[in-house]
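Text of the file upload.csv, holding CSV, C-alpha atoms:
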```
chain,number,residue,atom,x,y,z
A,1,MET,CA,-19.0,13.9,11.4
A,2,ASP,CA,-20.0,10.3,11.8
A,3,PHE,CA,-17.7,7.7,10.4
A,4,SER,CA,-18.7,4.9,12.7
A,5,VAL,CA,-19.0,1.5,11.1
A,6,THR,CA,-22.2,-0.6,10.8
A,7,ALA,CA,-22.8,-3.9,12.5
A,8,GLU,CA,-22.3,-5.6,9.2
A,9,GLN,CA,-19.0,-3.8,8.7
A,10,ALA,CA,-17.9,-4.8,12.2
A,11,ALA,CA,-18.7,-8.4,11.5
A,12,PHE,CA,-16.8,-8.2,8.2
A,13,ARG,CA,-13.7,-6.8,10.0
A,14,ARG,CA,-13.8,-9.6,12.6
A,15,SER,CA,-14.0,-12.2,9.8
A,16,VAL,CA,-11.0,-10.8,8.0
A,17,PHE,CA,-9.1,-10.5,11.3
A,18,GLU,CA,-9.8,-14.1,12.1
A,19,TRP,CA,-8.7,-15.2,8.6
A,20,ALA,CA,-5.5,-13.3,8.9
A,21,ARG,CA,-4.7,-14.6,12.4
A,22,GLU,CA,-5.3,-18.2,11.2
A,23,VAL,CA,-3.7,-18.1,7.7
A,24,VAL,CA,-1.3,-15.1,7.5
A,25,ALA,CA,0.2,-14.8,11.0
A,26,PRO,CA,1.6,-18.4,11.4
A,27,GLY,CA,4.2,-18.1,8.7
A,28,ALA,CA,4.8,-14.3,8.8
A,29,ALA,CA,8.1,-14.4,10.6
A,30,ASP,CA,9.5,-17.1,8.3
A,31,ARG,CA,8.4,-15.2,5.2
A,32,ASP,CA,10.1,-12.1,6.5
A,33,LYS,CA,13.4,-13.8,7.2
A,34,ALA,CA,13.4,-15.4,3.8
A,35,GLY,CA,12.0,-12.4,1.9
A,36,ARG,CA,9.6,-14.9,0.4
A,37,TRP,CA,6.2,-14.3,-1.3
A,38,ASP,CA,3.8,-17.1,-0.6
A,39,PRO,CA,1.3,-17.7,-3.4
A,40,ALA,CA,-0.8,-20.0,-1.1
A,41,VAL,CA,-1.5,-17.0,1.2
A,42,TRP,CA,-2.6,-14.9,-1.8
A,43,GLU,CA,-4.8,-17.7,-3.1
A,44,SER,CA,-6.5,-18.0,0.3
A,45,LEU,CA,-7.0,-14.2,0.3
A,46,ALA,CA,-8.6,-14.4,-3.1
A,47,ARG,CA,-11.0,-17.1,-1.8
A,48,GLN,CA,-12.1,-14.6,0.8
A,49,GLU,CA,-13.2,-12.3,-2.1
A,50,LEU,CA,-10.7,-9.7,-0.9
A,51,ALA,CA,-8.6,-9.4,-4.1
A,52,GLY,CA,-11.3,-7.3,-5.8
A,53,LEU,CA,-12.8,-5.7,-2.7
A,54,PRO,CA,-13.0,-2.0,-4.0
A,55,ILE,CA,-14.3,-2.9,-7.5
A,56,PRO,CA,-18.0,-3.0,-8.3
A,57,VAL,CA,-19.8,-6.3,-8.5
A,58,GLY,CA,-20.5,-5.8,-12.1
A,59,HIS,CA,-16.8,-5.9,-12.9
A,60,GLY,CA,-16.2,-9.0,-10.9
A,61,GLY,CA,-15.3,-7.3,-7.6
A,62,ALA,CA,-16.9,-7.4,-4.2
A,63,GLY,CA,-18.3,-3.8,-4.3
A,64,GLY,CA,-16.7,-2.7,-1.0
A,65,SER,CA,-16.7,0.9,0.1
A,66,ILE,CA,-13.6,2.9,0.9
A,67,ILE,CA,-14.3,2.3,4.6
A,68,ASP,CA,-14.7,-1.4,3.9
A,69,CYS,CA,-11.3,-1.4,2.3
A,70,CYS,CA,-9.8,0.4,5.3
A,71,LEU,CA,-11.4,-2.1,7.7
A,72,ALA,CA,-10.1,-5.1,5.7
A,73,ASN,CA,-6.6,-3.7,5.4
A,74,GLU,CA,-6.4,-2.8,9.1
A,75,ALA,CA,-7.7,-6.3,10.1
A,76,ILE,CA,-5.1,-8.0,7.9
A,77,GLY,CA,-2.4,-5.8,9.4
A,78,GLU,CA,-3.5,-6.5,13.0
A,79,GLY,CA,-4.4,-10.2,12.6
A,80,GLY,CA,-1.6,-11.2,10.2
A,81,HIS,CA,1.3,-8.9,11.3
A,82,ASP,CA,2.8,-9.2,7.8
A,83,GLY,CA,3.5,-5.8,6.4
A,84,GLY,CA,4.5,-7.3,3.1
A,85,LEU,CA,1.1,-8.8,2.4
A,86,ASN,CA,-0.6,-5.5,3.2
A,87,LEU,CA,1.9,-3.8,0.8
A,88,SER,CA,1.3,-6.2,-2.0
A,89,LEU,CA,-2.5,-6.2,-1.6
A,90,GLY,CA,-2.6,-2.4,-1.3
A,91,ALA,CA,-0.6,-2.0,-4.5
A,92,HIS,CA,-2.8,-4.6,-6.3
A,93,TRP,CA,-5.9,-2.7,-5.2
A,94,VAL,CA,-5.3,1.0,-5.3
A,95,ILE,CA,-2.7,1.4,-8.1
A,96,GLY,CA,-3.0,-1.9,-9.9
A,97,THR,CA,-6.8,-2.4,-10.3
A,98,VAL,CA,-8.7,0.8,-9.3
A,99,PRO,CA,-7.3,2.9,-12.1
A,100,ILE,CA,-8.6,0.4,-14.7
A,101,TRP,CA,-12.0,0.6,-13.0
A,102,LEU,CA,-12.1,4.4,-12.9
A,103,HIS,CA,-10.3,5.2,-16.2
A,104,GLY,CA,-10.4,2.1,-18.4
A,105,THR,CA,-12.4,1.6,-21.5
A,106,PRO,CA,-15.2,-1.0,-21.4
A,107,ALA,CA,-12.9,-3.3,-23.4
A,108,GLN,CA,-10.0,-2.8,-20.9
A,109,GLN,CA,-12.3,-3.3,-18.0
A,110,ALA,CA,-13.8,-6.5,-19.5
A,111,ALA,CA,-10.3,-7.9,-20.3
A,112,TYR,CA,-8.6,-7.3,-17.0
A,113,LEU,CA,-10.9,-6.5,-14.1
A,114,PRO,CA,-12.4,-10.0,-13.6
A,115,ARG,CA,-9.0,-11.7,-13.5
A,116,LEU,CA,-7.6,-9.0,-11.1
A,117,CYS,CA,-10.7,-9.2,-8.9
A,118,SER,CA,-10.6,-13.0,-8.7
A,119,GLY,CA,-6.9,-12.9,-7.7
A,120,GLU,CA,-6.0,-15.0,-10.8
A,121,TRP,CA,-3.9,-12.0,-11.8
A,122,ILE,CA,-1.9,-9.6,-9.7
A,123,GLY,CA,-1.6,-5.9,-10.5
A,124,ALA,CA,1.3,-3.4,-10.3
A,125,TRP,CA,2.0,0.2,-11.0
A,126,ALA,CA,5.3,1.5,-12.5
A,127,SER,CA,5.9,5.2,-12.0
A,128,THR,CA,9.0,5.6,-9.9
A,129,GLU,CA,12.3,5.7,-11.7
A,130,PRO,CA,16.0,5.7,-10.5
A,131,GLU,CA,16.0,9.5,-10.7
A,132,ALA,CA,12.3,10.3,-10.5
A,133,GLY,CA,10.8,9.3,-7.2
A,134,SER,CA,8.9,12.1,-5.4
A,135,ASP,CA,9.5,14.2,-8.5
A,136,ALA,CA,7.0,12.4,-10.7
A,137,GLY,CA,7.4,15.1,-13.3
A,138,ALA,CA,11.0,14.0,-14.0
A,139,LEU,CA,10.1,10.8,-15.8
A,140,ARG,CA,12.4,9.6,-18.5
A,141,THR,CA,10.7,6.5,-19.7
A,142,THR,CA,9.3,7.2,-23.2
A,143,ALA,CA,6.6,5.8,-25.4
A,144,VAL,CA,6.8,6.5,-29.1
A,145,ARG,CA,3.9,5.9,-31.5
A,146,ASP,CA,4.7,3.5,-34.3
A,147,GLY,CA,1.7,2.9,-36.5
A,148,ASP,CA,-1.0,1.2,-34.4
A,149,THR,CA,1.5,0.4,-31.5
A,150,TRP,CA,3.4,2.3,-28.9
A,151,VAL,CA,7.1,1.4,-28.2
A,152,ILE,CA,8.1,1.9,-24.6
A,153,ASN,CA,11.6,2.2,-23.3
A,154,GLY,CA,12.8,3.0,-19.8
A,155,THR,CA,13.6,1.8,-16.4
A,156,LYS,CA,11.3,1.8,-13.3
A,157,MET,CA,12.5,1.3,-9.8
A,158,PHE,CA,11.0,0.1,-6.5
A,159,ILE,CA,8.1,-1.6,-8.2
A,160,THR,CA,5.9,-3.4,-5.7
A,161,ASN,CA,4.7,-6.7,-7.1
A,162,GLY,CA,7.0,-6.2,-10.1
A,163,PRO,CA,8.3,-9.8,-10.1
A,164,ILE,CA,4.9,-11.4,-9.5
A,165,ALA,CA,2.5,-9.1,-11.4
A,166,ASP,CA,0.6,-10.2,-14.5
A,167,LEU,CA,-0.4,-6.7,-15.5
A,168,CYS,CA,1.5,-3.5,-14.8
A,169,THR,CA,0.4,0.1,-15.5
A,170,VAL,CA,3.4,1.9,-16.9
A,171,LEU,CA,3.8,5.7,-17.0
A,172,ALA,CA,5.8,7.1,-19.9
A,173,VAL,CA,6.4,10.4,-21.6
A,174,THR,CA,4.5,10.6,-24.9
A,175,ASP,CA,5.0,14.3,-25.6
A,176,PRO,CA,8.5,15.5,-24.6
A,177,ALA,CA,7.7,19.0,-25.8
A,178,ALA,CA,4.9,19.4,-23.4
A,179,GLY,CA,7.3,20.2,-20.6
A,180,PRO,CA,8.1,18.7,-17.2
A,181,GLY,CA,5.3,16.8,-15.7
A,182,ARG,CA,3.1,17.0,-18.7
A,183,GLY,CA,2.7,14.8,-21.8
A,184,VAL,CA,2.8,11.7,-19.7
A,185,SER,CA,0.5,8.7,-20.5
A,186,ALA,CA,-0.3,5.4,-18.9
A,187,PHE,CA,-0.1,2.0,-20.6
A,188,LEU,CA,-1.5,-1.4,-19.5
A,189,VAL,CA,1.4,-3.8,-20.1
A,190,GLU,CA,1.0,-7.5,-19.7
A,191,THR,CA,4.1,-8.8,-18.1
A,192,THR,CA,4.4,-11.7,-20.6
A,193,ASN,CA,5.3,-9.0,-23.1
A,194,PRO,CA,8.9,-9.8,-24.3
A,195,GLY,CA,9.8,-6.1,-23.8
A,196,TYR,CA,9.0,-6.3,-20.1
A,197,ALA,CA,11.6,-7.6,-17.7
A,198,ALA,CA,11.6,-7.6,-13.9
A,199,GLY,CA,15.0,-7.7,-12.3
A,200,PRO,CA,16.0,-9.6,-9.2
A,201,GLU,CA,14.0,-8.9,-6.0
A,202,LEU,CA,15.4,-6.1,-4.0
A,203,ASP,CA,16.6,-7.0,-0.5
A,204,LYS,CA,14.5,-4.6,1.5
A,205,MET,CA,14.7,-3.6,5.2
A,206,GLY,CA,11.0,-4.4,5.9
A,207,CYS,CA,7.8,-5.6,4.3
A,208,ARG,CA,10.1,-8.4,3.0
A,209,SER,CA,7.3,-10.8,2.0
A,210,SER,CA,6.2,-8.4,-0.7
A,211,PRO,CA,8.4,-8.7,-3.9
A,212,THR,CA,9.9,-5.4,-5.1
A,213,ALA,CA,12.1,-5.1,-8.1
A,214,GLU,CA,13.4,-2.9,-10.9
A,215,VAL,CA,11.5,-3.2,-14.1
A,216,VAL,CA,13.1,-2.6,-17.5
A,217,LEU,CA,11.1,-1.9,-20.6
A,218,THR,CA,13.1,-2.5,-23.8
A,219,ASP,CA,11.3,-1.8,-27.1
A,220,CYS,CA,8.2,-2.9,-25.4
A,221,ARG,CA,5.4,-2.8,-27.9
A,222,VAL,CA,1.8,-2.4,-26.9
A,223,PRO,CA,-1.2,-1.8,-29.0
A,224,ALA,CA,-2.7,1.7,-29.2
A,225,ASP,CA,-5.7,0.6,-27.2
A,226,ALA,CA,-3.4,-0.3,-24.3
A,227,MET,CA,-3.3,3.4,-23.3
A,228,LEU,CA,-5.2,4.0,-20.1
A,229,GLY,CA,-7.1,7.3,-20.0
A,230,PRO,CA,-6.5,10.3,-22.3
A,231,GLU,CA,-3.1,10.7,-23.9
A,232,GLY,CA,-0.8,13.1,-22.0
A,233,GLU,CA,-2.9,13.4,-18.9
A,234,ALA,CA,-1.9,10.3,-16.8
A,235,LEU,CA,0.2,12.2,-14.2
A,236,TRP,CA,-2.5,14.6,-13.2
A,237,ARG,CA,-5.6,12.6,-13.9
A,238,ILE,CA,-4.5,9.1,-12.9
A,239,ALA,CA,-1.3,9.0,-10.9
A,240,PHE,CA,-2.2,11.7,-8.4
A,241,GLU,CA,-5.5,10.0,-7.9
A,242,CYS,CA,-3.7,6.7,-7.2
A,243,PHE,CA,-1.6,8.5,-4.5
A,244,ASP,CA,-4.8,9.8,-3.0
A,245,TRP,CA,-6.1,6.2,-2.7
A,246,GLU,CA,-2.8,5.1,-1.2
A,247,ARG,CA,-3.1,7.8,1.6
A,248,THR,CA,-6.7,7.0,2.4
A,249,VAL,CA,-6.9,3.2,2.0
A,250,MET,CA,-3.5,1.5,1.8
A,251,ILE,CA,-2.3,3.3,5.0
A,252,ALA,CA,-4.9,1.5,7.1
A,253,GLY,CA,-2.7,-1.6,7.0
A,254,SER,CA,-0.1,0.3,9.1
A,255,VAL,CA,-2.8,1.1,11.7
A,256,GLY,CA,-3.4,-2.6,12.0
A,257,GLY,CA,0.3,-3.2,12.4
A,258,MET,CA,0.3,-0.6,15.2
A,259,ALA,CA,-2.5,-2.5,16.9
A,260,ALA,CA,-0.7,-5.8,16.7
A,261,THR,CA,2.5,-4.2,18.1
A,262,LEU,CA,0.5,-2.8,21.1
A,263,ASP,CA,-1.2,-6.1,21.8
A,264,ALA,CA,2.1,-7.9,21.8
A,265,SER,CA,3.7,-5.3,24.1
A,266,VAL,CA,0.8,-5.5,26.6
A,267,ALA,CA,1.0,-9.3,26.7
A,268,TYR,CA,4.7,-9.2,27.2
A,269,ALA,CA,4.6,-6.6,29.9
A,270,LYS,CA,2.1,-8.7,31.8
A,271,GLU,CA,4.2,-11.8,31.5
A,272,ARG,CA,7.7,-10.5,32.0
A,273,ARG,CA,8.7,-10.3,35.7
A,274,GLN,CA,11.5,-8.2,37.2
A,275,PHE,CA,12.1,-7.5,40.9
A,276,GLY,CA,9.3,-9.9,41.7
A,277,LYS,CA,6.5,-8.4,39.7
A,278,PRO,CA,5.3,-7.9,36.1
A,279,ILE,CA,7.0,-5.0,34.4
A,280,ALA,CA,3.6,-3.7,33.5
A,281,SER,CA,3.3,-2.6,37.1
A,282,PHE,CA,6.2,-0.1,36.7
A,283,GLN,CA,5.0,3.3,35.7
A,284,ALA,CA,7.7,3.7,33.1
A,285,ILE,CA,6.4,0.7,31.2
A,286,ALA,CA,2.7,1.5,31.8
A,287,HIS,CA,3.2,5.0,30.4
A,288,LYS,CA,4.9,3.6,27.3
A,289,LEU,CA,1.9,1.4,26.7
A,290,ALA,CA,-0.4,4.4,27.3
A,291,ASP,CA,1.6,6.4,24.7
A,292,MET,CA,1.3,3.6,22.2
A,293,LYS,CA,-2.5,3.5,22.7
A,294,ILE,CA,-2.7,7.3,22.2
A,295,ASN,CA,-0.6,7.1,19.1
A,296,LEU,CA,-2.7,4.2,17.7
A,297,GLU,CA,-6.0,6.0,18.2
A,298,VAL,CA,-4.7,9.3,16.8
A,299,CYS,CA,-3.6,7.5,13.6
A,300,ARG,CA,-6.8,5.5,13.3
A,301,THR,CA,-9.0,8.6,13.7
A,302,ALA,CA,-6.9,10.5,11.1
A,303,VAL,CA,-7.0,7.7,8.6
A,304,TYR,CA,-10.7,7.0,8.9
A,305,ARG,CA,-11.5,10.7,8.8
A,306,ALA,CA,-9.7,11.1,5.5
A,307,ALA,CA,-11.4,7.9,4.2
A,308,PHE,CA,-14.8,9.1,5.3
A,309,LEU,CA,-14.4,12.4,3.5
A,310,LYS,CA,-13.2,10.6,0.4
A,311,GLN,CA,-16.2,8.3,0.5
A,312,GLN,CA,-18.5,11.3,0.9
A,313,GLY,CA,-16.9,13.0,-2.1
A,314,GLU,CA,-15.6,15.9,0.0
A,315,PRO,CA,-12.2,17.5,-0.2
A,316,HIS,CA,-9.7,15.4,1.7
A,317,THR,CA,-6.2,15.9,0.2
A,318,VAL,CA,-4.9,17.7,3.3
A,319,GLU,CA,-6.6,15.2,5.6
A,320,ALA,CA,-5.0,12.3,3.8
A,321,SER,CA,-1.6,13.9,3.9
A,322,ILE,CA,-2.0,14.5,7.7
A,323,ALA,CA,-3.0,10.9,8.2
A,324,LYS,CA,0.0,9.6,6.3
A,325,THR,CA,2.4,11.9,8.1
A,326,LEU,CA,1.0,10.9,11.5
A,327,VAL,CA,1.2,7.1,10.7
A,328,GLY,CA,4.6,7.5,9.2
A,329,ASP,CA,5.9,9.0,12.4
A,330,LEU,CA,3.9,7.4,15.1
A,331,SER,CA,4.0,3.8,13.8
A,332,VAL,CA,7.8,4.0,14.0
A,333,ARG,CA,7.6,5.5,17.5
A,334,ASN,CA,5.3,2.8,18.7
A,335,ALA,CA,7.7,0.1,17.3
A,336,LEU,CA,10.6,1.7,19.1
A,337,ASP,CA,8.6,1.7,22.4
A,338,ALA,CA,7.7,-1.9,21.8
A,339,ILE,CA,11.3,-2.9,21.4
A,340,GLN,CA,12.2,-1.0,24.6
A,341,ILE,CA,9.5,-2.7,26.5
A,342,HIS,CA,10.7,-6.1,25.3
A,343,GLY,CA,14.3,-5.2,26.3
A,344,GLY,CA,16.9,-7.5,24.8
A,345,TYR,CA,14.3,-9.8,23.4
A,346,GLY,CA,12.9,-6.9,21.4
A,347,TYR,CA,16.2,-6.7,19.6
A,348,LEU,CA,16.0,-10.3,18.4
A,349,ARG,CA,14.5,-11.3,15.1
A,350,ASP,CA,12.6,-14.0,16.9
A,351,PHE,CA,10.2,-11.4,18.4
A,352,PRO,CA,7.7,-9.4,16.3
A,353,ALA,CA,8.7,-6.1,17.8
A,354,GLU,CA,11.9,-6.0,15.7
A,355,ARG,CA,10.0,-6.7,12.6
A,356,SER,CA,7.3,-4.1,13.3
A,357,LEU,CA,10.0,-1.4,13.3
A,358,ARG,CA,11.3,-2.4,9.9
A,359,ASP,CA,7.9,-2.7,8.4
A,360,ALA,CA,6.7,0.6,9.9
A,361,LYS,CA,9.5,2.7,8.4
A,362,LEU,CA,8.3,2.2,4.9
A,363,THR,CA,5.2,4.2,5.8
A,364,SER,CA,7.1,7.5,5.8
A,365,ILE,CA,8.7,6.8,2.4
A,366,GLY,CA,6.4,4.9,0.0
A,367,GLY,CA,3.5,6.6,-1.7
A,368,GLY,CA,5.0,10.0,-1.1
A,369,THR,CA,7.5,10.8,1.6
A,370,THR,CA,6.6,12.6,4.8
A,371,GLU,CA,8.4,15.6,3.4
A,372,ILE,CA,6.1,15.6,0.4
A,373,GLN,CA,3.1,15.3,2.7
A,374,LYS,CA,4.2,18.4,4.6
A,375,MET,CA,4.7,20.2,1.4
A,376,ILE,CA,1.2,19.4,0.3
A,377,ILE,CA,-0.2,20.6,3.6
A,378,SER,CA,1.8,23.8,3.7
A,379,ARG,CA,0.9,24.7,0.1
A,380,ALA,CA,-2.8,24.4,1.1
A,381,LEU,CA,-2.2,26.6,4.1
A,382,LEU,CA,-0.4,29.2,2.0
A,383,GLY,CA,-2.7,29.1,-0.9
A,384,ASP,CA,0.0,27.9,-3.3
A,385,GLY,CA,-1.5,24.6,-4.4
```
Target encoding structure tokens, full file:
Amino acid sequence: MDFSVTAEQAAFRRSVFEWAREVVAPGAADRDKAGRWDPAVWESLARQELAGLPIPVGHGGAGGSIIDCCLANEAIGEGGHDGGLNLSLGAHWVIGTVPIWLHGTPAQQAAYLPRLCSGEWIGAWASTEPEAGSDAGALRTTAVRDGDTWVINGTKMFITNGPIADLCTVLAVTDPAAGPGRGVSAFLVETTNPGYAAGPELDKMGCRSSPTAEVVLTDCRVPADAMLGPEGEALWRIAFECFDWERTVMIAGSVGGMAATLDASVAYAKERRQFGKPIASFQAIAHKLADMKINLEVCRTAVYRAAFLKQQGEPHTVEASIAKTLVGDLSVRNALDAIQIHGGYGYLRDFPAERSLRDAKLTSIGGGTTEIQKMIISRALLGDG
């Protein structure tokens, strides 16, 4: 298996890293403290032609491969050290824009992809509900046909980009008689629709520069041609595919965050002196740094292996779940080691180690919890899935 990158891809990654270091990193701590989304950073990202990276050129995108997307996401995480930006970009890419490219009609693609790819519009995805998170089959939001329109009613929870999105793909039950997890359809809802309302931003533990909110749909009317994909097949045909993209592309941002945390820890260990010498000279600290490097490379290899298999069109569901499980666990472990290396300073919000722990924790929750990943892996082992 060869999933090494080309010279062109390496140069692309360096350029994205430099951009993130120059544009994203300087205000990352302040955005985190304030829980503030910065449109100027997004506009700069769009000028780098990153907003439409996975989408073919013919639809207004940059035509990047799956590996290209991983490289860009990792570089932003490492250079910018802003988990919130990675979260919003990942949601915009893999669950806000890619489904329209893969499943949209020509009219839907023409109407939305150019604006999403240019960064003029931001995409979102609304599946999770107050009582339907990991259990995607327990959706209660409904869409009822009324002539040439659908009327959507329901509440969605933890919607990344909910307050800033221009277009949101909403999952709703269109055939209640089909049974749990079936009869679910997807709808493209423009957020200027009077039936769409995003609540106040949720005060999250980490990734705070990415706006997240509850979304309420009240008699939200959309035309019949707003349905994305075949009626009743959204959960199995579209949603699960989105989760697959999350676990092979979006997760690379957390690998970049792990790299940034390690770099900061190495630099601090070389500068901080105790008992007359740098703390890096003590075996206890040196071994923590070694463990952090091992964890980083294990996660990076797992993520790129899953991404490589996906790019080749090979089965990769188990590999993607393994990668997400590893990153969810080891990114938190690395952040805890970084805090320990920084000592009391690591406990202060003025140092990035503390922020890295809060940002890392989301990896084991969002896009399918670690417990769900282990269920997927075990079912494959036992022949149940």
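Atom to atom, atom CA of Leu85 of chain A and atom CA of Ser210 of chain A stand 6.0 Å apart.
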| task | Could you jot down the atom CA of Ala338 of chain A to atom CA of Lys293 of chain A separation for me, Å, one decimal place? | result | 11.6 Å
| remark: Counting all atoms listed in the file, the residue among A:Gly328, A:Gly256, A:Gly96, A:Gly80 that lies closest to Glu297 of chain A is A:Gly256
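Taking only C-alpha atoms into account, Ala335 of chain A lies nearest to A:Asp291 out of the set A:Glu120, A:Glu22, A:Glu314, A:Asp291.
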With a cut-off of 10 Å, could you pull out the residues of segment 144-194 of chain A touching segment 198-204 of chain A and give me the nearest pair of atoms for each, distance in Å to one decimal, using all atoms listed in the file, ordered by chain and ascending number, as a Markdown table?
```
| residue | atom | partner | partner_atom | distance |
| --- | --- | --- | --- | --- |
| A:Thr155 | CA | A:Ala198 | CA | 9.9 |
| A:Lys156 | CA | A:Ala198 | CA | 9.4 |
| A:Met157 | CA | A:Gly199 | CA | 9.7 |
| A:Phe158 | CA | A:Leu202 | CA | 8.0 |
| A:Ile159 | CA | A:Ala198 | CA | 9.0 |
| A:Thr160 | CA | A:Glu201 | CA | 9.8 |
| A:Asn161 | CA | A:Glu201 | CA | 9.6 |
| A:Gly162 | CA | A:Ala198 | CA | 6.1 |
| A:Pro163 | CA | A:Ala198 | CA | 5.5 |
| A:Ile164 | CA | A:Ala198 | CA | 8.9 |
| A:Ala165 | CA | A:Ala198 | CA | 9.6 |
| A:Thr191 | CA | A:Ala198 | CA | 8.7 |
```
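For Thr248 of chain A, the list of residues within 6 Å, based on all atoms listed in the file and with local chain neighbours fewer than 5 positions off taken out, reads A:Ala306, A:Ala307, A:Ala320.
For the residues A:Ser65, A:Thr370, A:Ser4, A:Ser88, ranking by smallest atom-to-atom distance to Pro211 of chain A using all atoms listed in the file places A:Ser88 first.
The interatomic distance for the pair atom CA of Thr363 of chain A and atom CA of Glu214 of chain A works out to 19.9 Å.
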| request: Point out the residue among A:Val189, A:Ala72, A:Ala178, A:Val144 with the least atom-to-atom distance to Gln108 of chain A, counting only C-alpha atoms. | output: A:Val189
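Comparing A:Cys70, A:Cys117, A:Ile55, A:Ala239 by their smallest distance to Gly137 of chain A, the closest is A:Ala239 (using only C-alpha atoms).
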